file query-v2.txt (compact mmCIF, C-alpha atoms)
# COMPACT_ATOMS: atom_id res chain seq x y z
CA MET A 113 0.00 0.00 0.00
CA TYR A 114 1.31 3.43 -0.95
CA ARG A 115 1.64 5.76 2.06
CA CYS A 116 1.84 9.54 1.64
CA THR A 117 4.16 11.24 4.07
CA CYS A 118 4.08 15.00 4.61
CA PHE A 119 7.13 17.06 5.59
CA ILE A 120 7.42 20.56 7.01
CA LEU A 121 10.08 22.39 4.96
CA PRO A 122 13.12 23.28 7.10
CA LYS A 123 14.13 26.96 7.11
CA ASP A 124 17.45 26.34 5.31
CA VAL A 125 15.57 24.66 2.47
CA LEU A 126 13.14 27.61 2.23
CA ASP A 127 16.11 30.01 2.28
CA ARG A 128 17.92 28.09 -0.48
CA LEU A 129 14.82 27.87 -2.65
CA SER A 130 14.13 31.60 -2.19
CA HIS A 131 17.40 32.27 -4.08
CA ASP A 132 16.75 29.70 -6.82
CA LYS A 133 16.34 31.67 -10.08
CA THR A 134 14.38 28.82 -11.64
CA PHE A 135 11.46 30.14 -9.57
CA THR A 136 9.65 33.35 -10.51
CA THR A 137 10.23 36.56 -8.53
CA GLU A 138 6.85 36.15 -6.88
CA GLN A 139 7.56 32.53 -5.92
CA ARG A 140 11.00 33.42 -4.50
CA LYS A 141 9.39 36.19 -2.41
CA SER A 142 6.78 33.72 -1.06
CA LEU A 143 9.52 31.28 -0.13
CA ALA A 144 11.50 34.04 1.64
CA ASP A 145 8.35 35.17 3.47
CA SER A 146 7.62 31.59 4.50
CA ALA A 147 11.10 31.30 5.94
CA ARG A 148 10.58 34.47 8.00
CA VAL A 149 7.14 33.31 9.22
CA SER A 150 8.50 29.89 10.06
CA ASP A 151 11.17 31.56 12.18
CA ALA A 152 8.57 33.62 13.99
CA LEU A 153 6.28 30.64 14.47
CA ARG A 154 9.16 28.62 15.81
CA ASN A 155 9.87 31.38 18.33
CA VAL A 156 6.22 31.37 19.40
CA ARG A 157 6.32 27.62 19.81
CA VAL A 158 9.51 27.88 21.89
CA GLN A 159 7.95 30.57 24.09
CA ALA A 160 4.70 28.62 24.37
CA GLY A 161 6.70 25.60 25.35
CA LEU A 162 8.49 27.59 28.05
CA LEU A 163 5.16 28.88 29.29
CA THR A 164 3.75 25.37 29.37
CA ASN A 165 6.76 24.16 31.35
CA VAL A 166 6.38 26.94 33.90
CA SER A 167 2.61 26.46 34.11
CA GLN A 168 2.90 22.72 34.51
CA SER A 169 5.45 23.14 37.25
CA ILE A 170 2.90 25.29 39.06
CA GLY A 171 -0.14 23.14 38.39
CA ALA A 172 -1.54 21.08 35.54
CA HIS A 173 -4.79 23.08 35.58
CA LEU A 174 -2.91 26.18 34.41
CA THR A 175 -1.68 24.65 31.12
CA SER A 176 -3.20 26.72 28.35
CA LEU A 177 -5.19 25.40 25.44
CA ALA A 178 -3.98 28.33 23.37
CA THR A 179 -2.03 31.56 23.82
CA ALA A 180 -5.07 33.40 22.49
CA PRO A 181 -8.61 32.06 22.32
CA LYS A 182 -10.30 30.92 19.16
CA VAL A 183 -13.61 32.75 18.58
CA THR A 184 -16.34 30.72 16.89
CA VAL A 185 -19.87 31.62 15.80
CA TYR A 186 -22.78 29.30 15.08
CA ASP A 187 -26.13 30.10 13.44
CA CYS A 188 -29.19 28.54 15.08
CA LYS A 189 -31.41 29.79 12.22
CA GLN A 190 -34.25 30.62 14.60
CA THR A 191 -34.29 27.17 16.15
CA GLN A 192 -33.31 26.35 19.72
CA THR A 193 -30.96 23.54 18.71
CA LEU A 194 -27.43 24.19 19.93
CA PRO A 195 -24.89 25.03 18.91
CA GLY A 196 -26.34 25.52 15.41
CA THR A 197 -24.56 25.54 12.05
CA PRO A 198 -20.93 26.69 12.17
CA VAL A 199 -20.32 30.00 10.38
CA ALA A 200 -17.25 29.49 8.21
CA ASN A 201 -15.72 32.96 8.30
CA PRO A 202 -17.75 35.07 10.74
CA LYS A 203 -15.31 37.99 10.57
CA ALA A 204 -16.30 38.53 6.93
CA SER A 205 -19.88 37.27 7.15
CA ALA A 206 -22.61 38.97 5.15
CA ASP A 207 -24.81 38.34 8.19
CA ALA A 208 -24.27 41.38 10.38
CA THR A 209 -25.25 39.46 13.52
CA CYS A 210 -22.60 36.79 12.92
CA LYS A 211 -19.99 39.42 12.13
CA ARG A 212 -20.87 41.46 15.22
CA ALA A 213 -20.80 38.44 17.53
CA PHE A 214 -17.34 37.53 16.23
CA ASN A 215 -15.91 41.05 16.32
CA GLU A 216 -17.21 42.03 19.74
CA THR A 217 -16.31 38.70 21.32
CA SER A 218 -12.79 39.08 19.95
CA LYS A 219 -12.66 42.56 21.46
CA VAL A 220 -13.81 41.26 24.85
CA ALA A 221 -10.96 38.75 24.70
CA GLN A 222 -8.59 41.62 23.91
CA PHE A 223 -10.06 43.68 26.79
CA TYR A 224 -9.48 40.91 29.33
CA LYS A 225 -5.98 40.28 27.97
CA GLN A 226 -4.83 43.90 27.86
CA VAL A 227 -6.50 45.17 31.01
CA PHE A 228 -6.40 42.13 33.29
CA LYS A 229 -3.79 39.88 31.65
CA ARG A 230 -6.44 37.18 31.34
CA ASN A 231 -6.27 34.65 28.54
CA SER A 232 -9.93 34.06 27.66
CA ILE A 233 -12.82 32.99 29.88
CA ASP A 234 -10.84 30.35 31.79
CA ASN A 235 -7.44 32.10 31.68
CA ALA A 236 -6.17 29.15 29.66
CA GLY A 237 -7.18 30.11 26.13
CA MET A 238 -10.66 28.55 26.12
CA THR A 239 -12.46 28.82 22.78
CA MET A 240 -15.13 31.55 22.96
CA MET A 241 -18.23 30.15 21.33
CA SER A 242 -21.39 32.06 20.43
CA SER A 243 -24.68 30.91 18.91
CA VAL A 244 -26.76 33.62 17.25
CA HIS A 245 -30.31 33.75 15.78
CA TYR A 246 -31.35 31.51 18.68
CA GLY A 247 -35.09 30.82 18.73
CA HIS A 248 -37.82 32.81 17.00
CA LYS A 249 -37.90 36.50 18.04
CA PHE A 250 -36.18 35.38 21.24
CA ASN A 251 -36.01 38.21 23.75
CA ASN A 252 -32.89 37.13 25.62
CA ALA A 253 -29.18 36.39 25.69
CA MET A 254 -27.49 34.02 28.11
CA TRP A 255 -24.43 32.01 29.12
CA ASN A 256 -25.38 28.34 29.38
CA GLY A 257 -22.28 27.15 31.17
CA THR A 258 -20.20 26.51 28.06
CA GLN A 259 -21.15 29.14 25.47
CA MET A 260 -22.97 32.39 24.76
CA ILE A 261 -26.44 32.40 23.20
CA TYR A 262 -28.06 35.44 21.54
CA GLY A 263 -31.63 35.96 20.42
CA ASP A 264 -32.74 38.35 17.68
CA GLY A 265 -35.36 40.06 19.84
CA ASP A 266 -38.92 40.65 18.63
CA GLY A 267 -38.12 44.13 17.34
CA LYS A 268 -40.69 45.66 19.69
CA ILE A 269 -39.32 45.09 23.19
CA PHE A 270 -35.79 44.23 22.15
CA VAL A 271 -33.71 44.21 19.00
CA ASP A 272 -30.84 41.83 18.18
CA PHE A 273 -28.98 41.25 21.46
CA THR A 274 -25.58 41.30 19.71
CA ASN A 275 -26.17 45.03 19.14
CA GLY A 276 -25.14 45.68 22.73
CA ASN A 277 -21.39 45.46 23.30
CA ASP A 278 -22.09 45.67 27.04
CA VAL A 279 -24.47 42.70 26.66
CA ILE A 280 -21.72 40.68 24.99
CA GLY A 281 -19.24 41.68 27.70
CA HIS A 282 -21.88 40.80 30.33
CA GLU A 283 -22.49 37.30 28.98
CA LEU A 284 -18.79 36.46 28.59
CA THR A 285 -18.14 37.64 32.14
CA HIS A 286 -20.57 35.01 33.44
CA GLY A 287 -18.07 32.52 32.05
CA VAL A 288 -15.22 34.30 33.83
CA THR A 289 -17.17 34.17 37.10
CA GLN A 290 -17.87 30.47 36.58
CA ASN A 291 -14.11 29.94 36.20
CA SER A 292 -13.12 32.00 39.22
CA LEU A 293 -15.34 33.07 42.13
CA GLN A 294 -18.01 30.52 41.03
CA LEU A 295 -20.88 32.60 42.43
CA GLY A 296 -24.21 30.79 42.46
CA TYR A 297 -27.36 32.24 40.91
CA SER A 298 -29.64 32.82 43.84
CA ASP A 299 -29.87 35.23 46.77
CA ASP A 300 -26.79 37.42 47.51
CA ALA A 301 -24.47 35.37 45.34
CA GLY A 302 -26.89 35.61 42.41
CA GLY A 303 -27.08 39.37 42.71
CA LEU A 304 -23.29 39.56 42.88
CA ASN A 305 -23.02 37.27 39.85
CA GLU A 306 -25.27 39.56 37.84
CA SER A 307 -23.55 42.67 39.15
CA VAL A 308 -20.07 41.43 38.25
CA SER A 309 -21.31 40.86 34.70
CA ASP A 310 -22.82 44.35 34.55
CA CYS A 311 -19.63 45.89 36.01
CA PHE A 312 -17.31 44.21 33.52
CA GLY A 313 -19.78 44.61 30.63
CA SER A 314 -19.94 48.32 31.36
CA MET A 315 -16.16 48.57 31.78
CA PHE A 316 -15.70 46.85 28.41
CA ARG A 317 -18.05 49.36 26.78
CA GLN A 318 -16.21 52.27 28.43
CA TRP A 319 -12.83 50.82 27.45
CA GLN A 320 -13.91 50.53 23.82
CA ALA A 321 -14.97 54.18 23.85
CA ASN A 322 -11.96 55.18 25.98
CA GLN A 323 -14.35 56.92 28.36
CA THR A 324 -13.71 58.09 31.88
CA ALA A 325 -16.11 57.05 34.62
CA ALA A 326 -17.47 60.59 34.63
CA ALA A 327 -18.26 60.54 30.89
CA ALA A 328 -19.86 57.07 30.87
CA ASP A 329 -23.66 56.78 30.94
CA TRP A 330 -23.60 53.59 33.07
CA LEU A 331 -26.65 52.24 31.23
CA ILE A 332 -26.86 48.50 30.54
CA GLY A 333 -28.59 47.43 27.33
CA LYS A 334 -29.06 50.89 25.83
CA ASP A 335 -28.42 49.52 22.32
CA ILE A 336 -30.92 46.66 22.42
CA MET A 337 -34.14 48.58 23.16
CA GLY A 338 -36.89 47.91 20.62
CA SER A 339 -39.33 50.38 19.09
CA ALA A 340 -42.16 49.74 21.55
CA ALA A 341 -39.82 50.00 24.54
CA ASN A 342 -38.42 53.27 23.20
CA ALA A 343 -41.93 54.59 22.54
CA LYS A 344 -42.80 53.99 26.19
CA GLY A 345 -39.73 55.96 27.28
CA PHE A 346 -37.51 53.06 28.30
CA THR A 347 -33.84 53.76 27.58
CA CYS A 348 -32.06 50.72 28.97
CA LEU A 349 -32.34 47.42 30.85
CA ARG A 350 -30.68 48.74 33.99
CA ASN A 351 -29.04 51.96 35.16
CA MET A 352 -25.98 51.38 37.32
CA ALA A 353 -25.78 55.03 38.35
CA ASN A 354 -29.47 55.13 39.32
CA PRO A 355 -30.78 51.60 39.77
CA ALA A 356 -34.32 52.80 40.54
CA ASP A 357 -34.47 54.78 37.27
CA LYS A 358 -38.05 54.63 35.92
CA LYS A 359 -36.67 54.65 32.39
CA ALA A 360 -34.99 51.30 33.05
CA LEU A 361 -36.99 48.23 32.02
CA ALA A 362 -35.86 46.54 35.21
CA PRO A 363 -35.72 49.22 37.97
CA GLN A 364 -33.78 47.89 40.92
CA PRO A 365 -33.33 48.42 44.66
CA THR A 366 -30.71 50.99 45.62
CA LYS A 367 -30.02 49.75 49.15
CA TYR A 368 -28.98 46.30 50.33
CA ALA A 369 -31.80 46.40 52.90
CA GLN A 370 -34.29 46.30 50.01
CA VAL A 371 -32.95 43.00 48.66
CA THR A 372 -35.26 40.12 49.62
CA PRO A 373 -34.58 36.35 49.65
CA GLY A 374 -35.26 34.72 46.29
CA MET A 375 -35.18 38.03 44.40
CA ASP A 376 -34.35 37.74 40.68
CA PRO A 377 -30.58 38.38 40.42
CA HIS A 378 -31.27 41.03 37.75
CA TYR A 379 -32.96 43.04 40.49
CA SER A 380 -30.75 42.20 43.48
CA SER A 381 -27.72 43.34 41.46
CA GLY A 382 -28.89 46.95 41.95
CA PRO A 383 -26.97 47.77 45.17
CA PRO A 384 -23.59 46.27 44.15
CA ASN A 385 -23.97 47.94 40.72
CA LEU A 386 -24.48 51.30 42.39
CA ALA A 387 -21.58 50.68 44.77
CA PHE A 388 -19.26 50.01 41.83
CA CYS A 389 -20.49 53.05 39.90
CA VAL A 390 -20.13 55.41 42.88
CA ALA A 391 -16.66 54.01 43.61
CA CYS A 392 -15.55 54.56 40.00
CA GLN A 393 -17.01 58.06 39.77
CA THR A 394 -15.47 59.03 43.13
CA ALA A 395 -12.04 57.58 42.24
CA GLY A 396 -12.14 59.42 38.89
CA GLY A 397 -10.23 58.50 35.76
CA LYS A 398 -11.00 55.28 33.92
CA SER A 399 -12.94 52.57 35.73
CA TRP A 400 -10.80 49.68 34.54
CA GLU A 401 -7.52 51.23 35.76
CA THR A 402 -8.30 51.38 39.47
CA VAL A 403 -11.63 50.16 40.91
CA GLY A 404 -11.95 47.62 38.10
CA GLN A 405 -8.57 46.13 39.05
CA VAL A 406 -9.81 45.65 42.63
CA TRP A 407 -13.02 43.98 41.44
CA TYR A 408 -11.02 41.68 39.16
CA ALA A 409 -8.61 40.76 41.95
CA VAL A 410 -11.50 39.83 44.27
CA LEU A 411 -13.23 37.91 41.46
CA THR A 412 -10.17 35.85 40.60
CA GLY A 413 -8.12 35.79 43.79
CA SER A 414 -10.64 34.59 46.36
CA GLY A 415 -11.21 30.99 45.35
CA PRO A 416 -14.71 29.55 44.81
CA HIS A 417 -17.48 31.17 46.89
CA PRO A 418 -20.82 29.99 45.45
CA THR A 419 -22.87 31.40 48.35
CA MET A 420 -20.91 34.59 48.98
CA LYS A 421 -22.76 37.33 50.85
CA MET A 422 -22.68 40.88 49.51
CA SER A 423 -21.14 42.10 52.76
CA ASP A 424 -18.26 39.64 52.35
CA PHE A 425 -17.64 40.75 48.78
CA ALA A 426 -17.71 44.37 49.90
CA ASN A 427 -15.20 43.74 52.66
CA ARG A 428 -12.94 41.83 50.28
CA THR A 429 -12.85 44.81 47.92
CA ARG A 430 -11.91 47.10 50.82
CA GLN A 431 -9.13 44.72 51.86
CA VAL A 432 -7.78 44.25 48.34
CA ALA A 433 -7.91 48.00 47.64
CA GLY A 434 -5.63 48.51 50.62
CA GLN A 435 -3.19 45.99 49.18
CA LEU A 436 -3.28 46.91 45.47
CA PHE A 437 -3.45 50.67 46.02
CA ALA A 438 -1.58 51.11 49.31
CA ALA A 439 0.07 54.25 47.87
CA LYS A 440 -3.30 55.64 46.72
CA PRO A 441 -5.64 55.54 49.71
CA ALA A 442 -8.16 57.58 47.72
CA ILE A 443 -9.06 54.40 45.78
CA GLY A 444 -9.88 52.52 48.96
CA ALA A 445 -11.83 55.53 50.22
CA ALA A 446 -13.82 55.65 46.96
CA ILE A 447 -14.69 51.96 47.26
CA ASP A 448 -15.69 52.39 50.88
CA LYS A 449 -17.95 55.29 49.87
CA GLY A 450 -19.56 53.15 47.19
CA TRP A 451 -20.50 50.39 49.61
CA LYS A 452 -21.66 52.79 52.30
CA THR A 453 -23.95 54.42 49.73
CA VAL A 454 -25.89 51.16 49.48
CA GLY A 455 -25.76 50.40 53.19
CA LEU A 456 -22.91 47.88 53.26
CA MET B 216 -60.37 22.33 30.50
CA ASP B 217 -57.34 20.98 32.36
CA ARG B 218 -55.63 24.33 32.34
CA LEU B 219 -51.94 24.96 32.85
CA ASP B 220 -51.03 28.61 33.44
CA ILE B 221 -47.54 29.57 32.35
CA GLU B 222 -45.49 32.63 33.22
CA ARG B 223 -41.96 33.19 31.88
CA VAL B 224 -39.73 35.14 34.30
CA GLY B 225 -36.15 36.31 34.56
CA GLY B 226 -33.81 36.64 31.61
CA GLN B 227 -31.74 39.71 30.80
CA GLY B 228 -34.80 41.93 30.74
CA GLY B 229 -36.15 40.82 34.10
CA PHE B 230 -39.48 39.42 32.85
CA GLY B 231 -42.01 39.18 35.65
CA GLY B 232 -40.94 42.57 36.97
CA PRO B 233 -42.89 45.83 36.87
CA ASN B 234 -42.53 46.47 33.13
CA LEU B 235 -42.30 43.14 31.34
CA LYS B 236 -44.59 40.15 31.37
CA SER B 237 -44.74 36.92 29.43
CA GLU B 238 -47.83 34.78 30.04
CA GLY B 239 -49.99 32.15 28.46
CA HIS B 240 -51.93 29.01 29.17
CA VAL B 241 -52.52 25.64 27.59
CA ASP B 242 -55.01 22.82 27.99
CA ARG B 243 -52.91 19.92 29.27
CA ALA B 244 -55.14 17.48 27.39
CA ARG B 245 -53.97 19.08 24.14
CA LEU B 246 -50.29 18.39 24.87
CA SER B 247 -48.65 15.32 23.41
CA ALA B 248 -48.43 12.31 25.70
CA THR B 249 -44.69 12.91 26.06
CA ASP B 250 -45.09 16.57 26.99
CA ARG B 251 -47.96 15.83 29.35
CA ALA B 252 -45.83 13.24 31.13
CA ALA B 253 -42.91 15.66 31.32
CA VAL B 254 -45.11 18.33 32.92
CA GLU B 255 -46.56 15.81 35.39
CA ALA B 256 -43.04 14.73 36.33
CA LEU B 257 -42.08 18.34 37.01
CA PHE B 258 -45.02 18.77 39.38
CA ALA B 259 -44.46 15.39 41.02
CA ARG B 260 -40.80 16.13 41.79
CA PRO B 261 -40.10 19.85 41.31
CA PRO B 262 -36.45 20.26 40.27
CA THR B 263 -34.17 22.17 42.59
CA ASP B 264 -31.92 23.36 39.72
CA THR B 265 -31.31 27.10 39.54
CA PRO B 266 -31.33 28.77 36.13
CA LYS B 267 -28.07 29.27 34.26
CA PRO B 268 -27.00 32.94 34.10
CA ASP B 269 -29.68 34.97 32.30
CA GLU B 270 -31.70 31.84 31.54
CA PHE B 271 -35.48 32.20 31.68
CA SER B 272 -37.50 30.33 34.29
CA TYR B 273 -41.12 29.26 33.97
CA ARG B 274 -43.79 29.40 36.68
CA LEU B 275 -46.27 26.63 35.98
CA THR B 276 -49.60 26.58 37.82
CA ARG B 277 -52.14 23.80 37.76
CA GLN B 278 -55.38 23.46 39.69
CA THR B 279 -55.66 20.61 42.19
CA PRO B 280 -58.51 19.57 44.52
CA SER B 281 -56.66 21.35 47.31
CA GLY B 282 -56.08 24.52 45.31
CA PRO B 283 -53.54 25.90 42.83
CA GLN B 284 -50.07 24.35 42.76
CA THR B 285 -47.22 26.45 41.35
CA ILE B 286 -43.67 25.37 40.57
CA GLN B 287 -40.79 27.35 39.06
CA VAL B 288 -38.31 25.57 36.77
CA PRO B 289 -35.43 26.66 34.51
CA GLU B 290 -36.30 26.96 30.82
CA ARG B 291 -34.11 24.04 29.76
CA LEU B 292 -36.39 21.65 31.68
CA VAL B 293 -39.66 22.87 30.14
CA PRO B 294 -41.07 21.20 27.00
CA ALA B 295 -40.96 23.40 23.88
CA ALA B 296 -44.75 23.13 23.42
CA VAL B 297 -45.25 24.70 26.86
CA ARG B 298 -42.58 27.39 26.38
CA SER B 299 -44.07 28.48 23.08
CA VAL B 300 -47.50 29.55 24.40
CA VAL B 301 -46.27 32.60 26.32
CA LYS B 302 -46.36 36.05 24.76
CA ASP B 303 -43.82 38.71 25.71
CA GLU B 304 -45.40 42.10 26.44
CA LEU B 305 -44.64 45.45 27.95
CA ARG B 306 -47.02 46.11 30.84

call {"tool": "encode", "arguments": {"input": "query-v2.txt", "output": "structure tokens"}}
result
Amino acid sequence: MYRCTCFILPKDVLDRLSHDKTFTTEQRKSLADSARVSDALRNVRVQAGLLTNVSQSIGAHLTSLATAPKVTVYDCKQTQTLPGTPVANPKASADATCKRAFNETSKVAQFYKQVFKRNSIDNAGMTMMSSVHYGHKFNNAMWNGTQMIYGDGDGKIFVDFTNGNDVIGHELTHGVTQNSLQLGYSDDAGGLNESVSDCFGSMFRQWQANQTAAAADWLIGKDIMGSAANAKGFTCLRNMANPADKKALAPQPTKYAQVTPGMDPHYSSGPPNLAFCVACQTAGGKSWETVGQVWYAVLTGSGPHPTMKMSDFANRTRQVAGQLFAAKPAIGAAIDKGWKTVGL
Amino acid sequence: MDRLDIERVGGQGGFGGPNLKSEGHVDRARLSATDRAAVEALFARPPTDTPKPDEFSYRLTRQTPSGPQTIQVPERLVPAAVRSVVKDELR
């Protein structure tokens, strides 16, 4: 039986062929370019190997799948069958929803990498998978434990959920929480889970616009309101700066004392949202540079706390602020003010 | 009519709150045998699962000789034929 064996061309062969005048100028240039790329790729592999060695010496769970996450998009075609049909080249898709899901998810990955040095949802290069056109006029987006899911909205209450970059940041952050603090989805922990997603979704949106905390509008879901919602005067899902805002579709409590057992986490997230917003506005500058760093450190440096109380999270942020920003006590003071505003 | 009242709550928009509702009802006799059995099983042993982040939940209410019985279950456990009867509306 004939067996076909494939070889990777060594660099010296590529170099030699790039000078061979029996090839055209264009072919010689391609060979020379391939030699350069091969060099670079080899360097990446060497560095990746070094990283793997270091990671494995620390703990097997830290070995990365990839140095940067793959971003994939699937089309559910208005069914609820997951993940749907793979979209071959979502970056260049004629379907604006597919293209948006790919582009914004890629930017969230970049945000976590640049701002928090985090490599994808699990900090190990996990593939970031999104399914779009889920269901028929589906008025929701969610993280199902392994991937993001986006509905198209009914056009009246909501439009396409991928229109909101804060929504995309919010959903992906649920994955980050699952891979770090592991907050549950009921009572205090549920409210914190939702709040963390709103905080990082909002930070992502501000980062993309290079906005200071003072310039940001702190509205969640402003870009997914449908025509009927707009006609009734609703401007957003939630308002982090004013959780009780009557123009928010889901007006929330503003004090921890107003949170009741079993409350929907999208409502109980009001007080921690306000605490974060007040802290960022008081600290000044850009949210992700100071207060956001404290929130991230608590989220990822505390171990799993599925039933964490809001008071414990608040106290952790105070403690970590004192450590991370020992030379800038104003940051800790801003965070303390935020929590005291909501009664924690 | 063996009526099953259905309310969809939660999700990103906070359905079931002051501004958004999603309600419907179905005659259980009109469900397929499989779906009817699935609904009965939910009432017989209400799941303790919490929803996944931003996942909808469904409040299902049936009438019993001792009065209405309501359970709340994550969307992934509810048959499609039951999920599909609700209508999303602004209040």

call {"tool": "residues_near_point", "arguments": {"input": "query-v2.txt", "point": "(-13.5, 34.0, 23.1)", "cutoff": "7 Å", "atoms": "all atoms listed in the file", "output": "count of residues only"}}
result
12

call {"tool": "interface_residues", "arguments": {"input": "query-v2.txt", "of": "chain B", "to": "chain A", "cutoff": "12 Å", "atoms": "only C-alpha atoms", "output": "NGL selection string"}}
result
:B and (223-237 or 263-272 or 287 or 289-291 or 294-295 or 298-299 or 301-306)

call {"tool": "atom_distance", "arguments": {"input": "query-v2.txt", "atom1": "CA of Arg428 (chain A)", "atom2": "CA of Trp407 (chain A)"}}
result
9.1 Å

call {"tool": "atom_distance", "arguments": {"input": "query-v2.txt", "atom1": "CA of Trp451 (chain A)", "atom2": "CA of Ala387 (chain A)"}}
result
5.0 Å

call {"tool": "closest_residue", "arguments": {"input": "query-v2.txt", "among": "A:Lys203, A:Arg317, A:Lys225, A:Lys189", "to": "His245 (chain A)", "atoms": "only C-alpha atoms"}}
result
A:Lys189

call {"tool": "atom_distance", "arguments": {"input": "query-v2.txt", "atom1": "CA of Gly434 (chain A)", "atom2": "CA of Gly455 (chain A)"}}
result
20.4 Å
